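Asks: Structure below; questions to follow.
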Amino acid sequence: MFNKNTEVIQSVLSTIIDPDLGKDWISTGCVQNIEWTLGKVTISVLLGYPAAGAVEAMKQAISLKLMQLPGVKRVILNVESKVHAHQVATGLPGLPQVKNIIAIASGKGGVGKSTTAVNLALALHIEGAQVGILDADIYGPSQPLLLGGAAKPTIRADKKIEPLIRHGVQVMSIGYLIDGEDTPVVWRGPMVTSALQQLLNDTAWHELDYLIIDLPPGTGDIQLTLSQKIPVTGAVIVTTPQDMALLDAKKGLAMFRKVSVPVLGLIENMSVHVCKHCGHEEHIFGEGGGERMSAEYHVNLLGSLPLDMRIRAESDQGIPSVVRDPQSQVAQMYRKIARKMAAGLSLQPRDLRLKQASLQIKTQ
Ligand code: ADP
């Protein structure tokens with residue numbers, strides 16, 4: 001463990017900020033063990049979120065600093081990840097096979113919520129987590145199109161629905177179960193919420209670290225009831241920088257806060273368009289809206305995504321950008337946002353009811 005000999009290592013580590021956690025590994029308790037024998041320093045780290053794409057850069061940052069200490073000749077960093085389940089703030093019991101449910105919401109349609117949800121789910125998987133995605137956008141299920149493939153889910157002998165596996169993630173959508181013509185445009189709110197609860201509970205999810213729910217757009221009764229009836233660990237709000245979308249996003253934020261669902265952050269989508277010919281950047285939907293909202297409402301801005309034709313084209317082909325080329329610039333942006341979202345959740349108390357209770361005491 002730690003001893004006098006390794007105190008100096010600890011103090012150096014405490015000055016290095018992990019870009020996804022926004023904090024150092026010492027104060028967050030991620031460093032499990034440090035050994036310093038002869039010139040070799042071995043550090044064991046346990047992260048509460050998947051971070052395959054970030055480990056190499058952290059190794060370099062840490063080695064660079066530690067090698068400046070007299071006597072250090074070699075640095076070995078062993079990083080593991082283990083995602084923990086959270087007891088949700090609303091007190092609802094969780095699903096046994098699902099550690100964390102993250103709802104992706106937007107104040108209005110067309111801001112890229114479904115595209116962002118699918119890329120985040122795939123990004124978490126590429127980073128090393130077990131992930132599922134539930135398409136709850138009942139009026140316009142888009143995950144079957146976004147994830148491609150024509151297979152239909154099968155019903156097991158125990159009446160549970162087997163999720164489909166697409167690009168390594170488990171998927172369930174109302175779109176797999178009804179025909180296009182049966183689109184439930186006339187379904188009333190209570191029918192929608194009970195259909196979604198059923199879809200969530202009747203799917204045979206297999207050991208998930210994260211279940212990403214692509215919520216229907218808007219912040220009306222359906223979203224409110226869903227947030228109260230589904231054990232949602234945290235929510236993420238997707239918005240464009242445009243004033244109207246932001247106004248709706250603010251309503252979403254207020255709604256989640258009202259029902260005690262922690263908002264893990266905001267994602268600003270279509271924030272800037274980069275001309276593929278000349279590289280000129282244009283803020284088609286306005287500039288800085290996400291940052292302003294983040295500051296005003298004390299909510300994390302997890303990141304901004306560009307308006308990029310490839311994101312649209314790759315979605316239409318059923319191979320989302322994160323899967324098409326996990327190393328591309330756009331894929332790296334989704335992966336960074338996914339890591340920040342998961343890292344933020346890992347810093348929350350395991351029992352979110354406690355946090356909620358202390359928030360209530362503070363505001364009384
Ligand atoms: P929502 O779920 O909010 O209704 P979608 O995810 O269906 O929105 O996206 C609406 C349209 O915008 C789709 O054609 C999608 O491919 C496109 N889109 C989403 N995000 C981006 C982006 N960052 N750049 C370019 N096109 C995007």
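So you can find residues: chains in the structure tokens are A, B, ... in the order shown, residues in each start at 1, and ligands are numbered from 1 in order.
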Can you list, as a PyMOL selection string, every protein, DNA or RNA residue that comes within 9 Å of Lys229 (chain A) when you count only C-alpha atoms, leaving out same-chain residues fewer than 3 positions away?

Replies: chain A and resi 92+193+197+224-226+232

Asks: Quick one: write out the picked residues with N, CA and C atoms as a PDB file, in the first residue's frame?

Replies:
```pdb
ATOM      1  N   LEU A  92     -36.807   3.859  -6.329  1.00  0.00           N
ATOM      2  CA  LEU A  92     -37.343   2.689  -7.040  1.00  0.00           C
ATOM      3  C   LEU A  92     -36.293   1.582  -7.048  1.00  0.00           C
ATOM      4  N   THR A 193     -46.619   4.879 -21.562  1.00  0.00           N
ATOM      5  CA  THR A 193     -45.752   4.598 -20.413  1.00  0.00           C
ATOM      6  C   THR A 193     -45.844   3.134 -20.009  1.00  0.00           C
ATOM      7  N   GLN A 197     -42.698   0.538 -19.985  1.00  0.00           N
ATOM      8  CA  GLN A 197     -42.304  -0.179 -18.770  1.00  0.00           C
ATOM      9  C   GLN A 197     -42.212  -1.671 -19.062  1.00  0.00           C
ATOM     10  N   LEU A 224     -42.358  12.673 -17.829  1.00  0.00           N
ATOM     11  CA  LEU A 224     -42.456  12.825 -16.375  1.00  0.00           C
ATOM     12  C   LEU A 224     -42.810  11.482 -15.720  1.00  0.00           C
ATOM     13  N   THR A 225     -43.827  10.823 -16.289  1.00  0.00           N
ATOM     14  CA  THR A 225     -44.246   9.544 -15.705  1.00  0.00           C
ATOM     15  C   THR A 225     -43.133   8.504 -15.835  1.00  0.00           C
ATOM     16  N   LEU A 226     -42.474   8.502 -17.015  1.00  0.00           N
ATOM     17  CA  LEU A 226     -41.391   7.532 -17.200  1.00  0.00           C
ATOM     18  C   LEU A 226     -40.297   7.724 -16.163  1.00  0.00           C
ATOM     19  N   VAL A 232     -34.334   5.323 -13.182  1.00  0.00           N
ATOM     20  CA  VAL A 232     -33.307   6.014 -13.961  1.00  0.00           C
ATOM     21  C   VAL A 232     -32.212   6.514 -13.011  1.00  0.00           C
TER      22      VAL A 232
END
```

Asks: Please write out the residues within 8 Å of ligand 1 as a compact mmCIF listing (two decimals) with all heavy atoms, in the first residue's frame, counting only C-alpha atoms and all ligand atoms.

Replies:
```
# COMPACT_ATOMS: atom_id res chain seq x y z
N SER A 106 -34.35 15.08 -24.75
CA SER A 106 -34.22 16.38 -25.41
C SER A 106 -35.53 17.11 -25.23
O SER A 106 -36.58 16.48 -25.10
CB SER A 106 -33.90 16.23 -26.89
OG SER A 106 -35.01 15.68 -27.56
N LYS A 108 -36.97 19.00 -27.42
CA LYS A 108 -37.79 18.90 -28.63
C LYS A 108 -37.14 17.94 -29.62
O LYS A 108 -35.98 17.55 -29.45
CB LYS A 108 -37.99 20.28 -29.25
CG LYS A 108 -36.74 20.93 -29.75
CD LYS A 108 -37.09 22.18 -30.52
CE LYS A 108 -35.95 22.55 -31.45
NZ LYS A 108 -36.30 23.46 -32.49
N GLY A 109 -37.93 17.58 -30.64
CA GLY A 109 -37.45 16.60 -31.62
C GLY A 109 -36.47 17.23 -32.60
O GLY A 109 -36.39 18.44 -32.73
N GLY A 110 -35.70 16.36 -33.26
CA GLY A 110 -34.84 16.82 -34.34
C GLY A 110 -33.50 17.41 -33.92
O GLY A 110 -32.75 17.89 -34.76
N VAL A 111 -33.19 17.37 -32.62
CA VAL A 111 -31.90 17.95 -32.19
C VAL A 111 -30.76 16.93 -32.25
O VAL A 111 -29.61 17.25 -31.99
CB VAL A 111 -31.97 18.55 -30.76
CG1 VAL A 111 -32.99 19.68 -30.68
CG2 VAL A 111 -32.29 17.49 -29.72
N GLY A 112 -31.10 15.68 -32.60
CA GLY A 112 -30.07 14.64 -32.70
C GLY A 112 -29.99 13.75 -31.48
O GLY A 112 -28.97 13.10 -31.23
N LYS A 113 -31.07 13.67 -30.72
CA LYS A 113 -31.08 12.86 -29.49
C LYS A 113 -30.79 11.39 -29.79
O LYS A 113 -29.93 10.78 -29.15
CB LYS A 113 -32.43 13.02 -28.78
CG LYS A 113 -32.67 12.04 -27.63
CD LYS A 113 -34.06 12.21 -27.07
CE LYS A 113 -35.14 12.09 -28.12
NZ LYS A 113 -35.18 10.81 -28.83
N SER A 114 -31.52 10.81 -30.77
CA SER A 114 -31.35 9.38 -31.05
C SER A 114 -29.96 9.07 -31.60
O SER A 114 -29.33 8.08 -31.22
CB SER A 114 -32.40 8.89 -32.06
OG SER A 114 -33.68 9.07 -31.52
N THR A 115 -29.48 9.95 -32.46
CA THR A 115 -28.14 9.77 -33.04
C THR A 115 -27.09 9.83 -31.93
O THR A 115 -26.16 9.02 -31.89
CB THR A 115 -27.87 10.89 -34.08
OG1 THR A 115 -28.98 10.96 -34.96
CG2 THR A 115 -26.60 10.66 -34.84
N THR A 116 -27.26 10.77 -31.02
CA THR A 116 -26.31 10.91 -29.92
C THR A 116 -26.41 9.70 -28.99
O THR A 116 -25.39 9.15 -28.57
CB THR A 116 -26.58 12.22 -29.13
OG1 THR A 116 -26.64 13.30 -30.07
CG2 THR A 116 -25.51 12.49 -28.11
N ALA A 117 -27.65 9.27 -28.70
CA ALA A 117 -27.84 8.13 -27.78
C ALA A 117 -27.13 6.89 -28.32
O ALA A 117 -26.41 6.20 -27.59
CB ALA A 117 -29.32 7.86 -27.59
N ASP A 137 -38.40 5.91 -27.85
CA ASP A 137 -39.00 6.95 -28.70
C ASP A 137 -40.14 6.31 -29.47
O ASP A 137 -40.04 5.97 -30.64
CB ASP A 137 -37.92 7.50 -29.64
CG ASP A 137 -38.34 8.82 -30.25
OD1 ASP A 137 -39.55 9.14 -30.18
OD2 ASP A 137 -37.47 9.53 -30.79
N SER A 142 -36.18 5.10 -33.86
CA SER A 142 -35.19 5.19 -34.93
C SER A 142 -34.00 4.26 -34.73
O SER A 142 -33.18 4.10 -35.62
CB SER A 142 -34.72 6.63 -35.10
OG SER A 142 -34.59 7.26 -33.86
N ASP A 214 -33.23 5.85 -25.00
CA ASP A 214 -33.50 6.95 -25.92
C ASP A 214 -34.95 7.37 -25.68
O ASP A 214 -35.88 6.73 -26.17
CB ASP A 214 -33.27 6.43 -27.36
CG ASP A 214 -33.52 7.48 -28.42
OD1 ASP A 214 -33.75 8.65 -28.07
OD2 ASP A 214 -33.48 7.12 -29.62
N PRO A 216 -38.58 9.50 -25.60
CA PRO A 216 -39.30 10.29 -26.60
C PRO A 216 -38.96 11.77 -26.40
O PRO A 216 -38.68 12.19 -25.27
CB PRO A 216 -40.78 10.04 -26.28
CG PRO A 216 -40.82 8.97 -25.25
CD PRO A 216 -39.47 8.86 -24.63
N PRO A 217 -38.97 12.58 -27.49
CA PRO A 217 -38.62 13.99 -27.32
C PRO A 217 -39.68 14.74 -26.52
O PRO A 217 -40.84 14.33 -26.51
CB PRO A 217 -38.57 14.53 -28.76
CG PRO A 217 -39.40 13.58 -29.56
CD PRO A 217 -39.33 12.25 -28.87
N VAL A 238 -29.78 16.43 -24.52
CA VAL A 238 -29.16 16.82 -25.80
C VAL A 238 -29.90 18.06 -26.30
O VAL A 238 -31.12 18.11 -26.29
CB VAL A 238 -29.29 15.69 -26.84
CG1 VAL A 238 -28.65 16.10 -28.17
CG2 VAL A 238 -28.65 14.41 -26.32
N ASN A 269 -25.39 19.55 -29.46
CA ASN A 269 -25.22 18.89 -30.76
C ASN A 269 -25.34 19.92 -31.88
O ASN A 269 -26.03 20.91 -31.73
CB ASN A 269 -26.29 17.80 -30.91
CG ASN A 269 -26.01 16.88 -32.10
OD1 ASN A 269 -24.85 16.63 -32.43
ND2 ASN A 269 -27.05 16.38 -32.73
N MET A 270 -24.70 19.64 -32.98
CA MET A 270 -24.71 20.52 -34.16
C MET A 270 -24.22 21.92 -33.78
O MET A 270 -24.78 22.93 -34.18
CB MET A 270 -26.13 20.62 -34.75
CG MET A 270 -26.79 19.26 -34.96
SD MET A 270 -28.31 19.42 -35.89
CE MET A 270 -29.07 17.82 -35.64
N SER A 271 -23.17 21.97 -32.95
CA SER A 271 -22.74 23.26 -32.42
C SER A 271 -22.00 24.09 -33.46
O SER A 271 -22.10 25.30 -33.46
CB SER A 271 -21.88 23.06 -31.17
OG SER A 271 -20.67 22.47 -31.51
N LEU A 305 -20.79 18.64 -30.13
CA LEU A 305 -20.56 17.85 -31.35
C LEU A 305 -20.83 18.73 -32.56
O LEU A 305 -21.75 19.54 -32.55
CB LEU A 305 -21.51 16.65 -31.36
CG LEU A 305 -21.24 15.61 -30.28
CD1 LEU A 305 -22.48 14.79 -29.98
CD2 LEU A 305 -20.08 14.71 -30.72
N PRO A 306 -20.03 18.56 -33.60
CA PRO A 306 -20.22 19.42 -34.78
C PRO A 306 -21.41 18.96 -35.62
O PRO A 306 -21.87 17.83 -35.50
CB PRO A 306 -18.92 19.19 -35.56
CG PRO A 306 -18.50 17.81 -35.19
CD PRO A 306 -18.93 17.60 -33.76
N LEU A 307 -21.90 19.85 -36.45
CA LEU A 307 -22.87 19.48 -37.49
C LEU A 307 -22.03 18.93 -38.63
O LEU A 307 -21.32 19.67 -39.30
CB LEU A 307 -23.65 20.72 -37.94
CG LEU A 307 -24.62 20.54 -39.10
CD1 LEU A 307 -25.77 19.64 -38.70
CD2 LEU A 307 -25.18 21.89 -39.53
N ASP A 308 -22.04 17.63 -38.78
CA ASP A 308 -21.11 16.98 -39.71
C ASP A 308 -21.89 16.03 -40.61
O ASP A 308 -22.59 15.15 -40.11
CB ASP A 308 -20.06 16.20 -38.88
CG ASP A 308 -18.93 15.67 -39.72
OD1 ASP A 308 -19.19 15.19 -40.84
OD2 ASP A 308 -17.78 15.72 -39.25
N MET A 309 -21.73 16.24 -41.91
CA MET A 309 -22.50 15.43 -42.84
C MET A 309 -22.25 13.93 -42.66
O MET A 309 -23.14 13.12 -42.87
CB MET A 309 -22.20 15.83 -44.27
CG MET A 309 -23.42 15.53 -45.05
SD MET A 309 -23.55 16.03 -46.69
CE MET A 309 -22.13 15.51 -47.53
N ARG A 310 -21.04 13.59 -42.26
CA ARG A 310 -20.73 12.15 -42.10
C ARG A 310 -21.58 11.52 -41.00
O ARG A 310 -21.97 10.37 -41.09
CB ARG A 310 -19.24 11.95 -41.78
CG ARG A 310 -18.37 12.05 -43.03
CD ARG A 310 -16.94 12.20 -42.65
NE ARG A 310 -16.78 13.41 -41.81
CZ ARG A 310 -15.61 13.86 -41.37
NH1 ARG A 310 -14.52 13.20 -41.64
NH2 ARG A 310 -15.54 14.96 -40.65
N ILE A 311 -21.87 12.31 -39.94
CA ILE A 311 -22.68 11.75 -38.84
C ILE A 311 -24.04 11.36 -39.40
O ILE A 311 -24.55 10.27 -39.15
CB ILE A 311 -22.83 12.77 -37.68
CG1 ILE A 311 -21.47 13.07 -37.06
CG2 ILE A 311 -23.83 12.27 -36.64
CD1 ILE A 311 -21.50 14.04 -35.88
N ARG A 312 -24.62 12.26 -40.23
CA ARG A 312 -25.93 11.99 -40.81
C ARG A 312 -25.85 10.81 -41.78
O ARG A 312 -26.64 9.86 -41.70
CB ARG A 312 -26.43 13.26 -41.52
CG ARG A 312 -27.91 13.39 -41.63
CD ARG A 312 -28.50 12.94 -42.97
NE ARG A 312 -27.75 13.39 -44.12
CZ ARG A 312 -27.42 12.59 -45.12
NH1 ARG A 312 -27.75 11.31 -45.10
NH2 ARG A 312 -26.73 13.06 -46.15
N ALA A 313 -24.87 10.83 -42.66
CA ALA A 313 -24.78 9.80 -43.70
C ALA A 313 -24.52 8.42 -43.07
O ALA A 313 -25.15 7.43 -43.45
CB ALA A 313 -23.67 10.15 -44.68
N GLU A 314 -23.63 8.36 -42.08
CA GLU A 314 -23.31 7.06 -41.48
C GLU A 314 -24.49 6.53 -40.67
O GLU A 314 -24.73 5.32 -40.65
CB GLU A 314 -22.04 7.20 -40.62
CG GLU A 314 -20.82 7.36 -41.51
CD GLU A 314 -19.56 7.91 -40.82
OE1 GLU A 314 -19.60 8.26 -39.64
OE2 GLU A 314 -18.54 7.97 -41.51
N SER A 315 -25.25 7.45 -40.04
CA SER A 315 -26.46 7.02 -39.33
C SER A 315 -27.43 6.40 -40.33
O SER A 315 -28.02 5.35 -40.06
CB SER A 315 -27.16 8.21 -38.68
OG SER A 315 -26.30 8.84 -37.79
N ASP A 316 -27.60 7.06 -41.46
CA ASP A 316 -28.55 6.56 -42.46
C ASP A 316 -28.15 5.18 -42.98
O ASP A 316 -29.00 4.40 -43.39
CB ASP A 316 -28.66 7.54 -43.64
CG ASP A 316 -29.44 8.79 -43.25
OD1 ASP A 316 -30.00 8.81 -42.13
OD2 ASP A 316 -29.50 9.74 -44.07
```

Asks: Out of A:Glu282, A:Asp351, A:Asp243, A:Glu287, which residue has the shortest atom-to-atom distance to Gly94 (chain A) when counting only C-alpha atoms?

Replies: A:Asp351

Asks: Using CA of Pro262 (chain A) and CA of Ala123 (chain A) as the two end points, give the distance in Å to one decimal.

Replies: 21.5 Å

Asks: Measure the distance from CA of Ser194 (chain A) to CA of Asp221 (chain A) in Å and round it to one decimal.

Replies: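 Going from CA of Ser194 (chain A) over to CA of Asp221 (chain A) covers 12.8 Å.
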
Asks: Compare A:His283, A:Arg335, A:Lys258, A:His167 by their minimum atom-to-atom distance to Ala52 (chain A), counting only C-alpha atoms, and give me the closest one.

Replies: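 Nearest to Ala52 (chain A): A:Arg335.
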
Asks: For Leu208 (chain A), work out the shell of residues within 8 Å, counting only C-alpha atoms and skipping chain neighbours fewer than 4 positions away, then give it as a list of chain:residue names.

Replies: A:Gln97, A:Val98, A:Lys99, A:Asn100, A:Ala129, A:Gln130, A:Val131, A:Gly132

Asks: Can you list, as a list of chain:residue names, every protein, DNA or RNA residue that comes within 7 Å of region 336-341 of chain A when you count only C-alpha atoms, leaving out same-chain residues fewer than 6 positions away?

Replies: A:Asp20, A:Leu21, A:Pro50, A:Ala51, A:Leu120, A:Ala123, A:Leu124, A:Leu264, A:Leu302, A:Gly303

Asks: Please identify all polymer residues within 10 Å of Leu177 (chain A), counting only C-alpha atoms, omitting same-chain residues fewer than 6 positions from it, and present them as a PyMOL selection string.

Replies: chain A and resi 152-154+199

Asks: Please write the residues from the selection above to a file, keeping all heavy atoms, as a compact mmCIF listing (two decimals), in the first residue's frame.

Replies:
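Once written, selection-v5.txt looks like this:
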```txt
# COMPACT_ATOMS: atom_id res chain seq x y z
N LYS A 152 -35.46 -9.82 -36.24
CA LYS A 152 -36.53 -9.51 -35.28
C LYS A 152 -36.17 -10.20 -33.95
O LYS A 152 -35.63 -11.31 -33.97
CB LYS A 152 -37.87 -10.07 -35.77
CG LYS A 152 -38.42 -9.34 -36.99
CD LYS A 152 -39.41 -8.29 -36.55
CE LYS A 152 -39.84 -7.43 -37.72
NZ LYS A 152 -40.34 -6.13 -37.34
N PRO A 153 -36.53 -9.60 -32.84
CA PRO A 153 -36.22 -10.26 -31.56
C PRO A 153 -37.07 -11.52 -31.39
O PRO A 153 -38.18 -11.59 -31.92
CB PRO A 153 -36.62 -9.22 -30.51
CG PRO A 153 -37.03 -7.99 -31.24
CD PRO A 153 -37.19 -8.31 -32.67
N THR A 154 -36.54 -12.49 -30.65
CA THR A 154 -37.30 -13.72 -30.41
C THR A 154 -37.86 -13.70 -28.99
O THR A 154 -37.29 -13.08 -28.08
CB THR A 154 -36.40 -14.96 -30.56
OG1 THR A 154 -35.22 -14.74 -29.79
CG2 THR A 154 -36.01 -15.21 -32.01
N LEU A 199 -41.70 -3.05 -22.00
CA LEU A 199 -40.57 -3.30 -22.88
C LEU A 199 -39.27 -3.39 -22.07
O LEU A 199 -38.42 -4.24 -22.31
CB LEU A 199 -40.48 -2.16 -23.90
CG LEU A 199 -39.75 -2.43 -25.20
CD1 LEU A 199 -40.38 -3.58 -25.96
CD2 LEU A 199 -39.76 -1.18 -26.08
```

Asks: Please, which residues of region 123-338 of chain A, numbered as in this document, come out alpha helix (DSSP H) from DSSP, as a PyMOL selection string?

Replies: chain A and resi 123-127+143-147+174-177+189-202+221-229+243-258+289-297+309-316+321-324+329-338

Asks: Select from region 68-282 of chain A everything DSSP, run on the backbone, classes as strand (DSSP E or B), then give the selection as a ChimeraX atom specification.

Replies: /A:74-81,87,98-105,131-135,155,161,164-166,169-173,203,208-214,234-239,263-268,273-274,281-282

Asks: Could you check how far CA of Ala204 (chain A) sits from CA of Ile222 (chain A), in Å to one decimal?

Replies: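 Calculated distance between CA of Ala204 (chain A) and CA of Ile222 (chain A) is 23.9 Å.
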
Asks: A:Ile133, A:Ile43, A:Ile104, A:Ile319: which is nearest Leu164 (chain A), counting only C-alpha atoms?

Replies: A:Ile133

Asks: Show which residues sit within 7 Å of region 4-11 of chain A, as a list in words. Count only C-alpha atoms, and ignore same-chain residues fewer than 5 positions away.

Replies: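 The residues that qualify are Ile26, Ile34 and Trp36 of chain A.
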
Asks: Take the selection from the previous step and output its residues with N, CA and C atoms, as a PDB file, in the first residue's frame.

Replies:
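Dumped everything to part.pdb:
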```
ATOM      1  N   ILE A  26      -5.760  10.593  -6.978  1.00  0.00           N
ATOM      2  CA  ILE A  26      -5.547  10.394  -5.534  1.00  0.00           C
ATOM      3  C   ILE A  26      -6.795  10.826  -4.758  1.00  0.00           C
ATOM      4  N   ILE A  34       0.674   1.611  -4.633  1.00  0.00           N
ATOM      5  CA  ILE A  34       1.892   2.151  -5.258  1.00  0.00           C
ATOM      6  C   ILE A  34       3.078   1.371  -4.704  1.00  0.00           C
ATOM      7  N   TRP A  36       7.361   1.132  -4.984  1.00  0.00           N
ATOM      8  CA  TRP A  36       8.581   1.763  -5.525  1.00  0.00           C
ATOM      9  C   TRP A  36       9.759   0.919  -5.078  1.00  0.00           C
TER      10      TRP A  36
END
```

Asks: Would you mind telling me which residue in A:Ala61, A:Leu122, A:Ile161, A:Ile237 lies nearest to Leu77 (chain A) when using only C-alpha atoms?

Replies: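 Of all the options, A:Ala61 lies closest to Leu77 (chain A).
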
Asks: Would you please work out which residue, of A:Leu200, A:Ala249, A:Leu66, A:Met172, is nearest to Ala105 (chain A) when using only C-alpha atoms?

Replies: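 Of all the options, A:Ala249 lies closest to Ala105 (chain A).
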
Asks: Fewer than 2 positions away in the same chain doesn't count, so skip those; otherwise give me all residues within 12 Å of Trp25 (chain A), counting only C-alpha atoms, as a count of residues only.

Replies: 33
